[in-house]
>>> print(open('upload-v8.cif').read())   # mmCIF, C-alpha atoms
data_model
#
loop_
_atom_site.label_atom_id
_atom_site.label_comp_id
_atom_site.auth_asym_id
_atom_site.auth_seq_id
_atom_site.Cartn_x
_atom_site.Cartn_y
_atom_site.Cartn_z
CA MET A 1130 -262.65 -11.00 -97.46
CA GLN A 1131 -262.13 -14.21 -95.49
CA ASN A 1132 -260.18 -17.44 -95.37
CA TYR A 1133 -262.00 -20.00 -97.52
CA LYS A 1134 -260.63 -22.85 -95.41
CA ASP A 1135 -262.78 -21.60 -92.53
CA LEU A 1136 -265.99 -22.23 -94.50
CA LYS A 1137 -267.74 -25.54 -93.84
CA VAL A 1138 -269.14 -25.53 -97.38
CA TRP A 1139 -265.64 -25.26 -98.81
CA ALA A 1140 -264.44 -28.22 -96.70
CA LYS A 1141 -267.46 -30.30 -97.75
CA ALA A 1142 -266.92 -29.38 -101.41
CA HIS A 1143 -263.22 -30.21 -101.18
CA ASN A 1144 -263.99 -33.63 -99.69
CA PHE A 1145 -266.65 -34.18 -102.36
CA THR A 1146 -264.05 -33.48 -105.04
CA LEU A 1147 -261.66 -36.00 -103.50
CA GLU A 1148 -264.45 -38.60 -103.48
CA VAL A 1149 -265.31 -37.86 -107.11
CA TYR A 1150 -261.68 -38.41 -108.09
CA LYS A 1151 -261.72 -41.78 -106.30
CA ALA A 1152 -265.06 -42.76 -107.82
CA THR A 1153 -263.90 -41.99 -111.36
CA GLU A 1154 -260.59 -43.88 -111.13
CA ASN A 1155 -262.18 -46.98 -112.64
CA PHE A 1156 -264.27 -45.30 -115.32
CA PRO A 1157 -263.56 -46.69 -118.80
CA LYS A 1158 -260.38 -45.40 -120.41
CA THR A 1159 -262.52 -44.28 -123.36
CA GLU A 1160 -264.08 -41.73 -120.98
CA THR A 1161 -260.78 -40.19 -119.85
CA TYR A 1162 -261.44 -37.06 -121.91
CA GLY A 1163 -265.21 -37.34 -121.63
CA ILE A 1164 -267.27 -37.90 -118.50
CA THR A 1165 -264.27 -38.54 -116.25
CA ASN A 1166 -262.72 -35.19 -117.11
CA GLN A 1167 -266.02 -33.29 -117.10
CA LEU A 1168 -267.17 -34.66 -113.75
CA ARG A 1169 -263.81 -34.02 -112.12
CA ARG A 1170 -263.64 -30.47 -113.48
CA ALA A 1171 -267.20 -29.68 -112.38
CA ALA A 1172 -266.54 -31.06 -108.89
CA ALA A 1173 -263.24 -29.21 -108.49
CA SER A 1174 -264.86 -26.01 -109.72
CA ILE A 1175 -267.09 -25.90 -106.64
CA PRO A 1176 -264.39 -25.37 -103.98
CA ALA A 1177 -262.25 -23.43 -106.46
CA ASN A 1178 -264.97 -20.83 -106.99
CA ILE A 1179 -265.71 -20.63 -103.27
CA SER A 1180 -262.03 -19.96 -102.58
CA GLU A 1181 -261.75 -17.45 -105.41
CA GLY A 1182 -264.84 -15.62 -104.15
CA CYS A 1183 -263.33 -15.36 -100.69
CA GLY A 1184 -260.50 -13.33 -102.20
CA LYS A 1185 -262.83 -10.69 -103.61
CA ASN A 1186 -263.34 -7.37 -101.87
CA THR A 1187 -267.11 -7.00 -102.10
CA LYS A 1188 -270.06 -9.10 -101.03
CA PRO A 1189 -271.67 -8.97 -104.50
CA ASP A 1190 -268.45 -10.35 -106.02
CA PHE A 1191 -268.34 -13.11 -103.41
CA ALA A 1192 -272.01 -13.93 -104.06
CA ASN A 1193 -271.30 -14.13 -107.80
CA PHE A 1194 -268.60 -16.76 -107.27
CA LEU A 1195 -270.90 -18.67 -104.93
CA ASN A 1196 -273.49 -18.69 -107.72
CA ILE A 1197 -270.89 -20.09 -110.10
CA ALA A 1198 -270.13 -22.78 -107.51
CA MET A 1199 -273.86 -23.57 -107.44
CA GLY A 1200 -273.86 -23.98 -111.21
CA SER A 1201 -270.92 -26.36 -110.94
CA SER A 1202 -272.82 -28.27 -108.25
CA ASN A 1203 -275.74 -28.75 -110.62
CA GLU A 1204 -273.37 -29.81 -113.39
CA SER A 1205 -271.73 -32.34 -111.06
CA GLU A 1206 -275.13 -33.69 -110.10
CA TYR A 1207 -276.00 -34.28 -113.75
CA PHE A 1208 -272.69 -36.03 -114.53
CA LEU A 1209 -273.20 -38.28 -111.51
CA LEU A 1210 -276.62 -39.26 -112.84
CA LEU A 1211 -275.22 -39.87 -116.31
CA SER A 1212 -272.37 -41.93 -114.87
CA LYS A 1213 -274.82 -44.08 -112.91
CA ASP A 1214 -277.13 -44.53 -115.89
CA LEU A 1215 -274.18 -45.60 -118.05
CA GLY A 1216 -273.19 -48.14 -115.41
CA TYR A 1217 -269.94 -46.43 -114.43
CA LEU A 1218 -271.07 -45.73 -110.84
CA SER A 1219 -272.74 -48.22 -108.52
CA THR A 1220 -276.10 -47.20 -107.10
CA GLU A 1221 -274.55 -47.10 -103.63
CA ASN A 1222 -271.70 -44.82 -104.70
CA TYR A 1223 -274.11 -42.64 -106.67
CA GLU A 1224 -276.44 -42.23 -103.69
CA THR A 1225 -273.56 -41.27 -101.40
CA LEU A 1226 -272.25 -38.65 -103.83
CA ILE A 1227 -275.73 -37.28 -104.56
CA LYS A 1228 -276.37 -36.90 -100.83
CA ASP A 1229 -273.09 -34.97 -100.55
CA ILE A 1230 -273.80 -32.69 -103.51
CA ASN A 1231 -277.30 -31.93 -102.24
CA GLU A 1232 -275.86 -30.96 -98.86
CA ILE A 1233 -273.33 -28.71 -100.60
CA LYS A 1234 -276.09 -27.08 -102.64
CA ALA A 1235 -278.14 -26.43 -99.50
CA MET A 1236 -275.11 -24.92 -97.78
CA LEU A 1237 -274.40 -22.72 -100.81
CA ILE A 1238 -278.00 -21.49 -100.88
CA GLY A 1239 -277.73 -20.53 -97.22
CA LEU A 1240 -274.38 -18.80 -97.66
CA ILE A 1241 -275.56 -16.90 -100.74
CA ALA A 1242 -278.60 -15.65 -98.80
CA LYS A 1243 -276.37 -14.62 -95.89
CA VAL A 1244 -273.87 -12.80 -98.14
CA ARG A 1245 -276.63 -10.96 -99.99
CA GLY A 1246 -278.34 -10.32 -96.63
#
>>> encode(input="upload-v8.cif", output="structure tokens")
Amino acid sequence: MQNYKDLKVWAKAHNFTLEVYKATENFPKTETYGITNQLRRAAASIPANISEGCGKNTKPDFANFLNIAMGSSNESEYFLLLSKDLGYLSTENYETLIKDINEIKAMLIGLIAKVRG
């Protein structure tokens, strides 16, 4: 359908994923297979599903993958909150990442509406 790298939401989601990886580098080693892994997977799932959807041939298929990306955005948001509440993320880092994920969610909502048009 289109090149995913041309989508601003994909670029924002990719950068968000990079920031999540940086933010989780110092999480406790006991969380390597817990929150660290889950948050990283949820974050990476956002741009991955956007890119996969761009390779589909129909708008409904693309919209479906955008919806999956939205679900991963919500999952990321929860794991950020949990990480902050457990003391793994500073309030400042949390607020920056939450701002980013909320922007991504807004962009996804707009793109989904446009694709379903």
>>> resolve_selection(input="upload-v8.cif", expression="the PyMOL selection byres ((chain A and resi 1181) around 12)", output="list in words")
Met1130, Gln1131, Asn1132, Tyr1133, Lys1134, Trp1139, Ser1174, Ile1175, Pro1176, Ala1177, Asn1178, Ile1179, Ser1180, Gly1182, Cys1183, Gly1184, Lys1185, Asn1186, Asp1190, Phe1191, Ala1192, Asn1193, Phe1194, Leu1195, Ile1197 and Ala1198 of chain A
>>> resolve_selection(input="upload-v8.cif", expression="the PyMOL selection byres ((chain A and resi 1206-1208) around 8)", output="list in words")
Ile1164, Gln1167, Leu1168, Ser1202, Asn1203, Glu1204, Ser1205, Leu1209, Leu1210, Leu1211, Ser1212, Ile1227 and Ile1230 of chain A
>>> atom_distance(input="upload-v8.cif", atom1="CA of Ala1172 in chain A", atom2="CA of Met1199 in chain A")
10.6 Å
>>> closest_residue(input="upload-v8.cif", among="A:Tyr1162, A:Asn1222, A:Ile1233, A:Glu1154", to="Ala1142 in chain A", atoms="only C-alpha atoms")
A:Ile1233
>>> residues_around(input="upload-v8.cif", residues="Asp1229 in chain A", least_positions_apart="5", cutoff="9 Å", atoms="all atoms listed in the file", output="ChimeraX atom specification")
/A:1141-1142,1145,1224,1234
>>> atom_distance(input="upload-v8.cif", atom1="CA of Val1244 in chain A", atom2="CA of Ala1173 in chain A")
22.1 Å
>>> atom_distance(input="upload-v8.cif", atom1="CA of Thr1153 in chain A", atom2="CA of Ile1238 in chain A")
27.0 Å
>>> closest_residue(input="upload-v8.cif", among="A:Gly1163, A:Thr1187, A:Arg1169, A:Lys1137", to="Tyr1150 in chain A", atoms="only C-alpha atoms")
A:Arg1169
>>> residues_around(input="upload-v8.cif", residues="Phe1156 in chain A", least_positions_apart="5", cutoff="8 Å", atoms="only C-alpha atoms", output="ChimeraX atom specification")
/A:1161,1165,1217
>>> closest_residue(input="upload-v8.cif", among="A:Asn1196, A:Ser1201, A:Thr1225, A:Thr1220", to="Leu1240 in chain A", atoms="only C-alpha atoms")
A:Asn1196
>>> axis_aligned_box(input="upload-v8.cif", around="range 1169-1173 of chain A", padding_each_side="3 Å", output="lines of an AutoDock Vina configuration file")
center_x = -265.2
center_y = -31.6
center_z = -111.0
size_x = 10.0
size_y = 10.8
size_z = 11.0
>>> closest_residue(input="upload-v8.cif", among="A:Ala1152, A:Gly1246, A:Arg1170, A:Lys1158", to="Tyr1223 in chain A", atoms="all atoms listed in the file")
A:Ala1152
>>> closest_residue(input="upload-v8.cif", among="A:Pro1157, A:Lys1213, A:Val1138, A:Arg1245", to="Asn1231 in chain A", atoms="all atoms listed in the file")
A:Val1138
>>> closest_residue(input="upload-v8.cif", among="A:Ala1140, A:Glu1160, A:Ala1235, A:Glu1148", to="Leu1215 in chain A", atoms="only C-alpha atoms")
A:Glu1160
